[in-house]
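**Student:** This is upload00.cif, which holds mmCIF, C-alpha atoms and all ligand atoms:
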```cif
data_input
#
loop_
_atom_site.label_atom_id
_atom_site.label_comp_id
_atom_site.auth_asym_id
_atom_site.auth_seq_id
_atom_site.Cartn_x
_atom_site.Cartn_y
_atom_site.Cartn_z
CA MET A 45 -5.58 -7.18 3.57
CA LYS A 46 -6.57 -10.45 1.92
CA TRP A 47 -6.08 -13.70 3.81
CA SER A 48 -5.69 -11.92 7.09
CA ILE A 49 -7.37 -13.32 10.19
CA PRO A 50 -8.54 -10.60 12.60
CA ILE A 51 -7.42 -11.13 16.20
CA GLY A 52 -8.69 -7.92 17.78
CA ARG A 53 -8.68 -4.16 17.87
CA VAL A 54 -6.35 -1.73 19.62
CA LEU A 55 -7.18 2.00 19.58
CA GLY A 56 -9.71 1.28 16.85
CA ILE A 57 -7.02 -0.32 14.63
CA ARG A 58 -7.79 -3.78 13.31
CA ILE A 59 -5.00 -6.21 14.16
CA GLY A 60 -4.76 -9.22 11.89
CA ILE A 61 -2.50 -12.19 11.24
CA HIS A 62 -1.80 -13.19 7.66
CA ILE A 63 -2.60 -16.81 7.01
CA THR A 64 0.97 -17.55 5.84
CA PHE A 65 2.19 -16.61 9.30
CA PHE A 66 0.80 -19.89 10.59
CA LEU A 67 3.15 -21.70 8.23
CA ILE A 68 6.05 -20.05 10.06
CA ILE A 69 4.67 -21.17 13.43
CA ALA A 70 4.26 -24.73 12.15
CA TRP A 71 7.75 -24.71 10.64
CA ILE A 72 9.48 -23.34 13.75
CA GLY A 73 7.52 -25.81 15.91
CA TRP A 74 8.78 -28.62 13.72
CA VAL A 75 12.39 -27.33 13.87
CA GLY A 76 12.10 -27.24 17.69
CA TRP A 77 10.75 -30.78 17.69
CA THR A 78 13.65 -32.15 15.64
CA ILE A 79 16.13 -30.46 18.00
CA GLY A 80 14.70 -31.39 21.40
CA GLY A 81 11.27 -32.98 21.17
CA PRO A 82 7.92 -31.52 22.33
CA GLU A 83 9.35 -29.25 25.04
CA SER A 84 11.76 -27.58 22.66
CA SER A 85 8.94 -27.28 20.13
CA LEU A 86 6.83 -25.31 22.66
CA TRP A 87 9.74 -22.98 23.43
CA ALA A 88 10.19 -22.38 19.71
CA VAL A 89 6.56 -21.41 19.22
CA ALA A 90 6.70 -19.19 22.32
CA MET A 91 9.77 -17.46 20.86
CA ILE A 92 8.01 -16.67 17.57
CA CYS A 93 4.91 -15.40 19.38
CA LEU A 94 6.98 -13.10 21.63
CA LEU A 95 8.92 -11.88 18.61
CA PHE A 96 5.75 -10.95 16.81
CA ILE A 97 4.38 -9.19 19.86
CA CYS A 98 7.49 -6.99 19.61
CA VAL A 99 6.66 -6.35 15.94
CA ILE A 100 3.03 -5.45 16.73
CA LEU A 101 4.21 -3.07 19.46
CA HIS A 102 6.60 -1.52 16.91
CA GLU A 103 3.70 -0.96 14.48
CA LEU A 104 1.53 0.41 17.28
CA GLY A 105 4.33 2.89 18.02
CA HIS A 106 4.01 4.28 14.47
CA SER A 107 0.22 4.15 14.66
CA VAL A 108 -0.18 6.03 17.95
CA VAL A 109 1.86 8.98 16.65
CA ALA A 110 0.12 8.83 13.26
CA LEU A 111 -3.30 8.96 14.95
CA ARG A 112 -2.13 11.98 16.93
CA TYR A 113 -1.46 13.78 13.64
CA GLY A 114 -4.88 12.81 12.35
CA VAL A 115 -3.63 10.11 9.95
CA GLU A 116 -6.16 7.33 9.57
CA VAL A 117 -4.67 3.95 10.50
CA ARG A 118 -6.78 1.13 9.06
CA SER A 119 -5.07 -2.03 10.18
CA ILE A 120 -1.91 -3.74 11.34
CA THR A 121 -1.19 -7.09 9.72
CA LEU A 122 1.44 -9.61 10.73
CA LEU A 123 3.20 -11.21 7.79
CA PRO A 124 6.03 -13.74 7.91
CA ILE A 125 8.42 -10.94 6.86
CA GLY A 126 7.19 -8.50 9.52
CA GLY A 127 4.34 -6.17 10.35
CA VAL A 128 2.49 -3.85 8.00
CA ALA A 129 0.55 -0.81 9.20
CA SER A 130 -1.88 0.46 6.56
CA MET A 131 -2.20 4.21 6.83
CA LYS A 132 -4.19 6.52 4.65
CA SER A 133 -2.01 9.25 3.08
CA MET A 134 1.06 9.90 5.19
CA PRO A 135 1.58 13.55 6.10
CA GLU A 136 3.93 15.51 3.85
CA GLU A 137 4.94 17.67 6.79
CA PRO A 138 8.56 16.51 7.35
CA ARG A 139 8.46 16.84 11.12
CA GLN A 140 5.33 14.70 11.38
CA GLU A 141 6.70 12.03 9.05
CA LEU A 142 9.92 12.00 11.06
CA MET A 143 8.07 11.49 14.33
CA ILE A 144 5.87 8.71 12.89
CA ALA A 145 8.88 6.91 11.38
CA VAL A 146 11.00 7.14 14.53
CA ALA A 147 8.19 6.01 16.86
CA GLY A 148 8.36 2.37 15.69
CA PRO A 149 12.03 1.63 16.36
CA LEU A 150 11.73 3.72 19.52
CA VAL A 151 9.34 1.12 20.92
CA ASN A 152 12.00 -1.57 20.40
CA VAL A 153 14.55 0.69 22.11
CA LEU A 154 12.16 0.94 25.06
CA ILE A 155 11.80 -2.87 25.17
CA LEU A 156 15.60 -3.09 25.20
CA ALA A 157 15.75 -0.53 28.00
CA VAL A 158 13.64 -2.92 30.09
CA LEU A 159 15.36 -6.18 29.11
CA ILE A 160 19.04 -5.21 29.06
CA PRO A 161 19.22 -4.19 32.77
CA LEU A 162 17.70 -7.62 33.59
CA LYS A 163 20.22 -9.67 31.70
CA GLY A 164 22.99 -7.52 30.23
CA PHE A 165 24.14 -7.69 26.60
CA PRO A 166 23.93 -11.25 25.30
CA SER A 167 26.73 -12.87 23.36
CA TRP A 168 26.27 -13.18 19.58
CA LEU A 169 28.67 -16.09 19.34
CA ASP A 170 27.13 -18.98 21.25
CA MET A 171 23.47 -18.47 20.42
CA PRO A 172 21.16 -21.44 20.86
CA ILE A 173 18.90 -21.95 17.80
CA ILE A 174 15.93 -22.38 20.13
CA PRO A 175 16.05 -20.91 23.67
CA THR A 176 14.97 -23.50 26.22
CA THR A 177 15.21 -21.53 29.47
CA LEU A 178 13.79 -18.18 30.56
CA PRO A 179 17.22 -16.42 30.64
CA GLU A 180 17.95 -17.73 27.14
CA MET A 181 14.59 -16.41 25.97
CA VAL A 182 15.39 -12.95 27.37
CA ASP A 183 18.73 -13.06 25.51
CA THR A 184 16.95 -13.99 22.31
CA MET A 185 14.47 -11.13 22.67
CA ILE A 186 17.32 -8.65 23.30
CA ARG A 187 19.07 -9.80 20.13
CA ALA A 188 15.81 -9.69 18.17
CA ASN A 189 14.99 -6.13 19.25
CA ILE A 190 18.52 -4.93 18.46
CA ILE A 191 18.14 -6.43 14.97
CA LEU A 192 14.69 -4.81 14.60
CA VAL A 193 16.11 -1.37 15.44
CA VAL A 194 19.20 -1.67 13.22
CA PHE A 195 17.32 -3.24 10.31
CA ASN A 196 14.51 -0.69 10.35
CA MET A 197 16.88 2.25 10.51
CA ILE A 198 18.55 1.25 7.22
CA PRO A 199 18.08 4.45 5.19
CA ALA A 200 15.97 2.90 2.42
CA PHE A 201 12.25 2.84 1.60
CA PRO A 202 10.13 1.16 2.78
CA MET A 203 12.21 0.88 5.97
CA ASP A 204 11.62 3.47 8.64
CA GLY A 205 15.16 4.75 8.03
CA GLY A 206 14.15 5.71 4.48
CA ARG A 207 11.32 7.87 5.81
CA VAL A 208 13.60 9.42 8.43
CA LEU A 209 16.11 10.28 5.70
CA ARG A 210 13.41 11.77 3.44
CA ALA A 211 11.94 13.80 6.29
CA LEU A 212 15.38 15.17 7.23
CA LEU A 213 16.14 16.09 3.60
CA ALA A 214 12.67 17.63 3.18
CA MET A 215 13.51 20.12 5.92
CA PHE A 216 16.06 21.66 3.51
CA PHE A 217 14.84 20.73 0.01
CA SER A 218 11.46 20.28 -1.68
CA TYR A 219 9.49 17.13 -0.89
CA THR A 220 10.03 15.79 -4.42
CA THR A 221 13.79 16.40 -4.35
CA ALA A 222 14.03 14.86 -0.88
CA THR A 223 12.14 11.78 -2.06
CA ALA A 224 14.31 11.45 -5.18
CA TRP A 225 17.46 11.52 -3.05
CA ALA A 226 16.13 9.18 -0.38
CA SER A 227 14.92 6.82 -3.08
CA GLY A 228 18.36 6.93 -4.74
CA VAL A 229 20.09 6.05 -1.47
CA GLY A 230 17.53 3.25 -1.01
CA ARG A 231 18.35 1.77 -4.39
CA VAL A 232 22.09 1.89 -3.73
CA VAL A 233 21.54 0.10 -0.41
CA ALA A 234 19.30 -2.44 -2.17
CA VAL A 235 21.95 -3.22 -4.78
CA LEU A 236 24.56 -3.61 -2.01
CA PHE A 237 22.22 -6.08 -0.25
CA VAL A 238 21.76 -8.15 -3.38
CA ALA A 239 25.51 -8.17 -4.12
CA LEU A 240 26.33 -9.12 -0.53
CA GLY A 241 23.57 -11.75 -0.51
CA LEU A 242 24.89 -13.34 -3.69
CA TYR A 243 28.47 -13.23 -2.42
CA ALA A 244 27.76 -14.65 1.06
CA PRO A 245 25.53 -16.49 -0.22
CA GLN A 246 22.45 -15.40 1.74
CA PRO A 247 19.18 -15.77 -0.21
CA PHE A 248 17.27 -13.84 2.46
CA LEU A 249 19.50 -10.80 1.96
CA VAL A 250 18.92 -10.96 -1.81
CA LEU A 251 15.17 -11.06 -1.19
CA ILE A 252 15.33 -8.03 1.11
CA GLY A 253 17.43 -6.21 -1.49
CA VAL A 254 14.83 -6.78 -4.21
CA PHE A 255 12.07 -5.77 -1.84
CA VAL A 256 13.84 -2.55 -0.85
CA PHE A 257 14.56 -1.71 -4.50
CA ILE A 258 10.88 -2.02 -5.43
CA GLY A 259 9.84 -0.02 -2.35
CA ALA A 260 12.26 2.81 -3.19
CA GLU A 261 11.01 2.85 -6.80
CA SER A 262 7.31 2.98 -5.98
CA GLU A 263 7.71 5.66 -3.31
CA ALA A 264 9.55 7.91 -5.76
CA ARG A 265 6.92 7.22 -8.42
CA MET A 266 3.99 8.09 -6.16
CA VAL A 267 5.56 11.40 -5.27
CA ARG A 268 6.27 12.11 -8.97
CA VAL A 269 2.62 11.33 -9.76
CA LYS A 270 1.37 13.71 -7.09
CA ASP A 271 3.83 16.33 -8.27
CA VAL A 272 2.57 16.07 -11.86
CA LEU A 273 -1.04 16.35 -10.69
CA LYS A 274 -0.42 19.27 -8.36
CA ASN A 275 -2.72 22.21 -9.17
CA VAL A 276 -4.54 20.19 -11.84
CA PRO A 277 -8.28 20.20 -11.16
CA VAL A 278 -10.58 17.43 -12.40
CA SER A 279 -12.03 19.80 -15.04
CA VAL A 280 -8.73 19.89 -16.97
CA LEU A 281 -8.80 16.15 -17.73
CA MET A 282 -12.59 15.80 -17.81
CA ARG A 283 -14.30 14.90 -21.09
CA ARG A 284 -17.25 17.05 -22.00
CA ASP A 285 -18.83 14.67 -24.47
CA VAL A 286 -20.23 12.02 -22.18
CA PRO A 287 -21.31 8.65 -23.58
CA MET A 288 -24.82 8.23 -22.20
CA VAL A 289 -27.23 5.37 -22.49
CA ASP A 290 -30.79 5.35 -21.25
CA GLY A 291 -31.99 2.87 -18.65
CA THR A 292 -34.69 1.73 -21.09
CA ASP A 293 -32.20 1.09 -23.93
CA ALA A 294 -31.19 -2.44 -24.83
CA LEU A 295 -27.61 -3.52 -24.21
CA ARG A 296 -27.03 -3.55 -28.00
CA THR A 297 -26.94 0.27 -27.77
CA CYS A 298 -23.71 -0.06 -25.76
CA LEU A 299 -22.22 -2.31 -28.44
CA GLU A 300 -23.21 0.16 -31.18
CA ARG A 301 -21.86 3.16 -29.28
CA TYR A 302 -18.67 1.29 -28.59
CA HIS A 303 -18.16 0.58 -32.30
CA ASP A 304 -19.02 4.15 -33.30
CA SER A 305 -17.18 6.13 -30.64
CA GLY A 306 -14.72 3.78 -28.96
CA TYR A 307 -16.20 4.63 -25.59
CA ILE A 308 -16.38 1.54 -23.48
CA ASP A 309 -17.82 2.72 -20.15
CA PHE A 310 -21.13 4.61 -20.04
CA LEU A 311 -23.17 6.81 -17.77
CA VAL A 312 -26.81 5.84 -17.44
CA GLU A 313 -29.66 8.29 -17.65
CA GLU A 314 -33.17 7.67 -16.39
CA GLU A 315 -35.91 10.26 -16.81
CA GLY A 316 -33.33 12.81 -17.85
CA GLU A 317 -31.07 12.38 -14.83
CA VAL A 318 -27.79 10.57 -14.23
CA ARG A 319 -28.67 7.50 -12.20
CA GLY A 320 -25.59 5.31 -12.42
CA ILE A 321 -22.70 4.02 -14.43
CA LEU A 322 -22.36 1.03 -16.72
CA PRO A 323 -18.76 -0.19 -16.71
CA ALA A 324 -17.43 -2.20 -19.66
CA ASP A 325 -16.97 -5.47 -17.77
CA VAL A 326 -20.55 -5.30 -16.45
CA TRP A 327 -22.37 -4.77 -19.77
CA MET A 328 -20.12 -7.13 -21.72
CA GLU A 329 -20.75 -9.87 -19.19
CA ALA A 330 -24.50 -9.15 -19.34
CA VAL A 331 -24.53 -9.29 -23.16
CA LYS A 332 -22.82 -12.69 -23.00
CA LYS A 333 -25.25 -13.97 -20.39
CA TYR A 334 -28.61 -12.45 -21.41
CA GLY A 335 -28.10 -11.37 -25.02
CA PRO A 336 -28.15 -7.90 -26.62
CA ASP A 337 -31.89 -7.29 -26.05
CA GLU A 338 -31.53 -7.19 -22.28
CA PRO A 339 -32.48 -3.74 -20.88
CA VAL A 340 -29.61 -1.53 -19.63
CA GLY A 341 -31.63 -0.71 -16.51
CA HIS A 342 -31.14 -4.20 -15.07
CA HIS A 343 -27.38 -3.82 -14.87
CA VAL A 344 -26.74 -0.24 -13.83
CA VAL A 345 -24.20 0.26 -11.05
CA ARG A 346 -26.08 2.64 -8.79
CA ARG A 347 -23.43 3.06 -6.12
CA TYR A 348 -20.77 5.27 -7.59
CA ILE A 349 -18.56 8.21 -6.73
CA SER A 350 -18.71 11.50 -8.58
CA PHE A 351 -16.32 14.44 -8.41
CA GLN A 352 -16.67 18.20 -8.47
CA PRO A 353 -14.91 19.91 -11.40
CA ASP A 354 -12.60 21.86 -9.10
CA ALA A 355 -11.48 18.84 -7.04
CA PRO A 356 -7.64 18.70 -7.00
CA LEU A 357 -6.42 15.54 -8.76
CA ASP A 358 -3.34 15.07 -6.57
CA ARG A 359 -5.62 14.72 -3.55
CA ILE A 360 -8.28 12.47 -5.03
CA ILE A 361 -6.14 10.22 -7.20
CA GLN A 362 -5.21 7.73 -4.48
CA ASP A 363 -8.84 7.32 -3.48
CA ALA A 364 -9.90 6.98 -7.12
CA TRP A 365 -7.28 4.29 -7.71
CA GLY A 366 -8.40 2.45 -4.64
CA MET A 367 -11.96 2.12 -5.98
CA LYS A 368 -13.24 -0.38 -8.49
CA GLN A 369 -14.50 2.41 -10.73
CA GLU A 370 -12.98 3.44 -14.04
CA VAL A 371 -15.21 6.40 -14.91
CA PHE A 372 -16.45 9.16 -12.65
CA PRO A 373 -19.28 11.58 -13.44
CA VAL A 374 -18.24 15.18 -12.86
CA MET A 375 -21.15 17.01 -11.26
CA GLN A 376 -21.83 20.47 -9.97
CA ASP A 377 -25.01 21.44 -8.17
CA GLY A 378 -26.67 18.25 -9.40
CA ARG A 379 -25.79 19.07 -13.02
CA LEU A 380 -23.63 16.77 -15.14
CA LEU A 381 -20.63 18.64 -16.58
CA GLY A 382 -18.54 15.78 -17.92
CA MET A 383 -16.81 12.54 -17.14
CA LEU A 384 -13.40 11.69 -15.73
CA ILE A 385 -11.82 8.51 -17.09
CA LEU A 386 -9.03 7.04 -14.96
CA ALA A 387 -7.16 5.89 -18.05
CA ASP A 388 -6.98 9.55 -19.16
CA VAL A 389 -5.34 10.45 -15.86
CA SER A 390 -2.88 7.58 -16.24
CA ALA A 391 -2.08 8.64 -19.80
CA TYR A 392 -1.59 12.25 -18.66
CA ILE A 393 0.79 11.09 -15.90
CA ALA A 394 2.67 8.90 -18.37
CA ARG A 395 3.03 11.80 -20.83
CA ARG A 396 4.20 14.25 -18.22
CA THR A 397 6.67 11.89 -16.58
CA GLY A 398 7.78 10.53 -19.97
CA GLU A 399 7.12 7.00 -18.78
CA ALA A 400 5.06 5.54 -21.61
CA GLY A 401 3.49 6.26 -24.96
CA GLN A 402 0.10 7.53 -26.05
CA THR A 403 -3.35 6.11 -25.95
CA HIS A 404 -6.24 6.23 -28.34
CA PRO A 405 -8.22 9.36 -27.48
CA ALA A 406 -11.45 7.58 -26.62
CA GLU A 407 -10.30 4.19 -25.52
CA ARG A 408 -8.97 2.96 -22.28
CA ALA A 409 -5.22 3.05 -22.04
CA GLU A 410 -3.71 -0.31 -22.93
CA ALA A 411 -1.13 -0.03 -20.23
CA PRO A 412 -2.26 2.33 -17.50
CA ALA A 413 0.42 3.99 -15.44
CA PRO A 414 1.38 1.98 -12.37
CA ARG A 415 -1.21 2.06 -9.65
CA PRO A 416 0.46 2.83 -6.38
CA SER A 417 -1.27 1.25 -3.44
CA ARG A 418 -3.87 3.31 -1.75
CA PHE A 419 -2.11 3.18 1.55
CA SER A 420 1.39 3.87 2.47
CA VAL A 421 2.82 0.82 4.04
CA ASP A 422 5.31 0.41 6.80
CA LEU A 423 7.17 -2.79 7.31
CA GLY A 424 8.41 -3.24 10.82
ZN ZN B 1 8.55 0.51 11.37
#
```
Could the structure of this file be written out as structure tokens, please?
Ligand SMILES: [Zn+2]
**Tutor:**
Amino acid sequence: MKWSIPIGRVLGIRIGIHITFFLIIAWIGWVGWTIGGPESSLWAVAMICLLFICVILHELGHSVVALRYGVEVRSITLLPIGGVASMKSMPEEPRQELMIAVAGPLVNVLILAVLIPLKGFPSWLDMPIIPTTLPEMVDTMIRANIILVVFNMIPAFPMDGGRVLRALLAMFFSYTTATAWASGVGRVVAVLFVALGLYAPQPFLVLIGVFVFIGAESEARMVRVKDVLKNVPVSVLMRRDVPMVDGTDALRTCLERYHDSGYIDFLVEEEGEVRGILPADVWMEAVKKYGPDEPVGHHVVRRYISFQPDAPLDRIIQDAWGMKQEVFPVMQDGRLLGMLILADVSAYIARRTGEAGQTHPAERAEAPAPRPSRFSVDLG
């Protein structure tokens, strides 16, 4: 994640703090200072740090179970709104998703199981804004962990409760149906939040409502995308006429080909073999900088991914979206069979889901279908 400062690794997972989080520390320190001077300021900062340790432990709860199921967990990042664990492709096995989703709040329940016997249930009525004694701090942490459990179990994506609901439904219905229902419940909850937030008025609740609504939407969309691409191999959407340029050609060849064919990204051949790709932004930039007589060979992107024709699109699409590559050579046994253009995949998805109109056959789609993030994200 951008603007995240790494603070260490646990179980191979990178733990980072988002730079905006320091604003929260500074702000809470200042609030403490205005209430009771430097001592109160220190207590305030200690409170925020303890709170975020609880959030990291929550995320680690998800991560440990995810790792056990072989899900790759890249990083945990602390944001002012909570923690985010970046996982590569969540399992579609309902039982596994259920266990991963429940593991986070379960950690907070365990923390409560330790703290509550020490201090009993705290009152919600006379809460100090900043705790300034150890017993008050324990009270604050009990309240915070209760809120973390209740808030996360709200049955709406991207809360853990949304995943629990989807997993439970998926035990009886198809994954797509379960997601549609869970997403619908999420949106209803989101609208209730916004209405309540406007009525109260509580801007924070409105913000959470909007956030939940978007989360519910994008989860449903990703599942629809994968559903549309199920059983569609790369070869179905691959183009057989591949726009090639030679490494010894001048960049003006790209311009000419673009005007003739509409193709905007090219594959580059050298001595009769595919040696790289020449994306539109690269050659256009080079033409501007060095003029049209510049050789193609100087600007070839030689690190690129290619696909096999029988690769299933629903499996590779998230990876493809995550890369800064618009065109992919389709190769078999070292032989070039065609080219996969991401815009074609987006247009296909849009057609099949009835989301948007057509695109020019050879050009990049003007408005590609939404790109879901490469990782599923959990907010603790
Ligand atoms: Zn969580």
**Student:** Quick one: which chain A residues come within 10 Å of ligand ZN 1 (chain B), and what is the nearest atom pair for each with the distance in Å to one decimal, counting all atoms listed in the file, rows ordered by chain and ascending number, as a Markdown table?
**Tutor:**
```
| residue | atom | partner | partner_atom | distance |
| --- | --- | --- | --- | --- |
| A:Val99 | CA | B:ZN1 | ZN | 8.5 |
| A:Ile100 | CA | B:ZN1 | ZN | 9.7 |
| A:Leu101 | CA | B:ZN1 | ZN | 9.9 |
| A:His102 | CA | B:ZN1 | ZN | 6.2 |
| A:Glu103 | CA | B:ZN1 | ZN | 5.9 |
| A:Leu104 | CA | B:ZN1 | ZN | 9.2 |
| A:Gly105 | CA | B:ZN1 | ZN | 8.2 |
| A:His106 | CA | B:ZN1 | ZN | 6.7 |
| A:Ser107 | CA | B:ZN1 | ZN | 9.7 |
| A:Gly126 | CA | B:ZN1 | ZN | 9.3 |
| A:Gly127 | CA | B:ZN1 | ZN | 8.0 |
| A:Val128 | CA | B:ZN1 | ZN | 8.2 |
| A:Ala129 | CA | B:ZN1 | ZN | 8.4 |
| A:Ile144 | CA | B:ZN1 | ZN | 8.8 |
| A:Ala145 | CA | B:ZN1 | ZN | 6.4 |
| A:Val146 | CA | B:ZN1 | ZN | 7.7 |
| A:Ala147 | CA | B:ZN1 | ZN | 7.8 |
| A:Gly148 | CA | B:ZN1 | ZN | 4.7 |
| A:Pro149 | CA | B:ZN1 | ZN | 6.2 |
| A:Leu150 | CA | B:ZN1 | ZN | 9.3 |
| A:Val151 | CA | B:ZN1 | ZN | 9.6 |
| A:Asn152 | CA | B:ZN1 | ZN | 9.9 |
| A:Leu192 | CA | B:ZN1 | ZN | 8.7 |
| A:Val193 | CA | B:ZN1 | ZN | 8.8 |
| A:Phe195 | CA | B:ZN1 | ZN | 9.6 |
| A:Asn196 | CA | B:ZN1 | ZN | 6.2 |
| A:Met197 | CA | B:ZN1 | ZN | 8.6 |
| A:Pro202 | CA | B:ZN1 | ZN | 8.8 |
| A:Met203 | CA | B:ZN1 | ZN | 6.5 |
| A:Asp204 | CA | B:ZN1 | ZN | 5.1 |
| A:Gly205 | CA | B:ZN1 | ZN | 8.5 |
| A:Arg207 | CA | B:ZN1 | ZN | 9.6 |
| A:Val421 | CA | B:ZN1 | ZN | 9.3 |
| A:Asp422 | CA | B:ZN1 | ZN | 5.6 |
| A:Leu423 | CA | B:ZN1 | ZN | 5.4 |
| A:Gly424 | CA | B:ZN1 | ZN | 3.8 |
```
**Student:** Extract, using only C-alpha atoms, all DNA, RNA and protein residues at most 8 Å from A:Met383, discarding same-chain residues fewer than 3 positions from it, and format them as a list in words.
**Tutor:**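 These residues fall inside the cut-off: Met282, Arg283, Arg284, Asp285, Val286, Val371, Phe372, Pro373 and Val374 of chain A.
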**Student:** Mind writing the picked residues with C-alpha atoms as an mmCIF file, in the coordinates of the input?
**Tutor:**
```
data_model
loop_
_atom_site.group_PDB
_atom_site.id
_atom_site.type_symbol
_atom_site.label_atom_id
_atom_site.label_comp_id
_atom_site.auth_asym_id
_atom_site.auth_seq_id
_atom_site.Cartn_x
_atom_site.Cartn_y
_atom_site.Cartn_z
ATOM 1 C CA MET A 282 -12.590 15.800 -17.810
ATOM 2 C CA ARG A 283 -14.300 14.900 -21.090
ATOM 3 C CA ARG A 284 -17.250 17.050 -22.000
ATOM 4 C CA ASP A 285 -18.830 14.670 -24.470
ATOM 5 C CA VAL A 286 -20.230 12.020 -22.180
ATOM 6 C CA VAL A 371 -15.210 6.400 -14.910
ATOM 7 C CA PHE A 372 -16.450 9.160 -12.650
ATOM 8 C CA PRO A 373 -19.280 11.580 -13.440
ATOM 9 C CA VAL A 374 -18.240 15.180 -12.860
#
```
**Student:** Between A:Gly316, A:Gly335, A:Gly206, A:Pro245, single out the one closest to A:Leu299, counting all atoms listed in the file.
**Tutor:**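 Closest to A:Leu299 of all the choices is A:Gly335.
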**Student:** Residues within 10 Å of A:Val182, please, as a VMD selection string. Count only C-alpha atoms; anything in the same chain fewer than 6 positions from it doesn't count.
**Tutor:** chain A and resid 91 159 to 160 162 to 164 166 175 188
**Student:** What would the file look like if the residues just selected were written as a CSV table (one decimal), in the coordinates of the input with C-alpha atoms?
**Tutor:**
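Once written, result17.csv looks like this:
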```
chain,number,residue,atom,x,y,z
A,91,MET,CA,9.8,-17.5,20.9
A,159,LEU,CA,15.4,-6.2,29.1
A,160,ILE,CA,19.0,-5.2,29.1
A,162,LEU,CA,17.7,-7.6,33.6
A,163,LYS,CA,20.2,-9.7,31.7
A,164,GLY,CA,23.0,-7.5,30.2
A,166,PRO,CA,23.9,-11.2,25.3
A,175,PRO,CA,16.0,-20.9,23.7
A,188,ALA,CA,15.8,-9.7,18.2
```
**Student:** Could the residues of stretch 203-317 of chain A that have an atom at most 12 Å from stretch 347-363 of chain A be listed as JSON lines, each with its closest atom pair and the distance in Å to one decimal, counting all atoms listed in the file and ordered by chain and ascending residue number?
**Tutor:**
```
{"residue": "A:Met266", "atom": "CA", "partner": "A:Gln362", "partner_atom": "CA", "distance": 9.4}
{"residue": "A:Val267", "atom": "CA", "partner": "A:Asp358", "partner_atom": "CA", "distance": 9.7}
{"residue": "A:Arg268", "atom": "CA", "partner": "A:Asp358", "partner_atom": "CA", "distance": 10.3}
{"residue": "A:Val269", "atom": "CA", "partner": "A:Asp358", "partner_atom": "CA", "distance": 7.7}
{"residue": "A:Lys270", "atom": "CA", "partner": "A:Asp358", "partner_atom": "CA", "distance": 4.9}
{"residue": "A:Asp271", "atom": "CA", "partner": "A:Asp358", "partner_atom": "CA", "distance": 7.5}
{"residue": "A:Val272", "atom": "CA", "partner": "A:Asp358", "partner_atom": "CA", "distance": 8.0}
{"residue": "A:Leu273", "atom": "CA", "partner": "A:Asp358", "partner_atom": "CA", "distance": 4.9}
{"residue": "A:Lys274", "atom": "CA", "partner": "A:Asp358", "partner_atom": "CA", "distance": 5.4}
{"residue": "A:Asn275", "atom": "CA", "partner": "A:Pro356", "partner_atom": "CA", "distance": 6.4}
{"residue": "A:Val276", "atom": "CA", "partner": "A:Leu357", "partner_atom": "CA", "distance": 5.9}
{"residue": "A:Pro277", "atom": "CA", "partner": "A:Pro356", "partner_atom": "CA", "distance": 4.5}
{"residue": "A:Val278", "atom": "CA", "partner": "A:Pro353", "partner_atom": "CA", "distance": 5.1}
{"residue": "A:Ser279", "atom": "CA", "partner": "A:Pro353", "partner_atom": "CA", "distance": 4.6}
{"residue": "A:Val280", "atom": "CA", "partner": "A:Pro353", "partner_atom": "CA", "distance": 8.3}
{"residue": "A:Leu281", "atom": "CA", "partner": "A:Leu357", "partner_atom": "CA", "distance": 9.3}
{"residue": "A:Met282", "atom": "CA", "partner": "A:Pro353", "partner_atom": "CA", "distance": 8.0}
{"residue": "A:Arg283", "atom": "CA", "partner": "A:Pro353", "partner_atom": "CA", "distance": 10.9}
{"residue": "A:Arg284", "atom": "CA", "partner": "A:Pro353", "partner_atom": "CA", "distance": 11.2}
{"residue": "A:Leu311", "atom": "CA", "partner": "A:Tyr348", "partner_atom": "CA", "distance": 10.6}
{"residue": "A:Val312", "atom": "CA", "partner": "A:Tyr348", "partner_atom": "CA", "distance": 11.6}
```
**Student:** Once you have the residues from the selection above, write them out as a PDB file, in the coordinates of the input, restricted to C-alpha atoms.
**Tutor:**
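The new file result-v7.pdb reads:
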```
ATOM      1  CA  MET A 266       3.990   8.090  -6.160  1.00  0.00           C
ATOM      2  CA  VAL A 267       5.560  11.400  -5.270  1.00  0.00           C
ATOM      3  CA  ARG A 268       6.270  12.110  -8.970  1.00  0.00           C
ATOM      4  CA  VAL A 269       2.620  11.330  -9.760  1.00  0.00           C
ATOM      5  CA  LYS A 270       1.370  13.710  -7.090  1.00  0.00           C
ATOM      6  CA  ASP A 271       3.830  16.330  -8.270  1.00  0.00           C
ATOM      7  CA  VAL A 272       2.570  16.070 -11.860  1.00  0.00           C
ATOM      8  CA  LEU A 273      -1.040  16.350 -10.690  1.00  0.00           C
ATOM      9  CA  LYS A 274      -0.420  19.270  -8.360  1.00  0.00           C
ATOM     10  CA  ASN A 275      -2.720  22.210  -9.170  1.00  0.00           C
ATOM     11  CA  VAL A 276      -4.540  20.190 -11.840  1.00  0.00           C
ATOM     12  CA  PRO A 277      -8.280  20.200 -11.160  1.00  0.00           C
ATOM     13  CA  VAL A 278     -10.580  17.430 -12.400  1.00  0.00           C
ATOM     14  CA  SER A 279     -12.030  19.800 -15.040  1.00  0.00           C
ATOM     15  CA  VAL A 280      -8.730  19.890 -16.970  1.00  0.00           C
ATOM     16  CA  LEU A 281      -8.800  16.150 -17.730  1.00  0.00           C
ATOM     17  CA  MET A 282     -12.590  15.800 -17.810  1.00  0.00           C
ATOM     18  CA  ARG A 283     -14.300  14.900 -21.090  1.00  0.00           C
ATOM     19  CA  ARG A 284     -17.250  17.050 -22.000  1.00  0.00           C
ATOM     20  CA  LEU A 311     -23.170   6.810 -17.770  1.00  0.00           C
ATOM     21  CA  VAL A 312     -26.810   5.840 -17.440  1.00  0.00           C
TER      22      VAL A 312
END
```
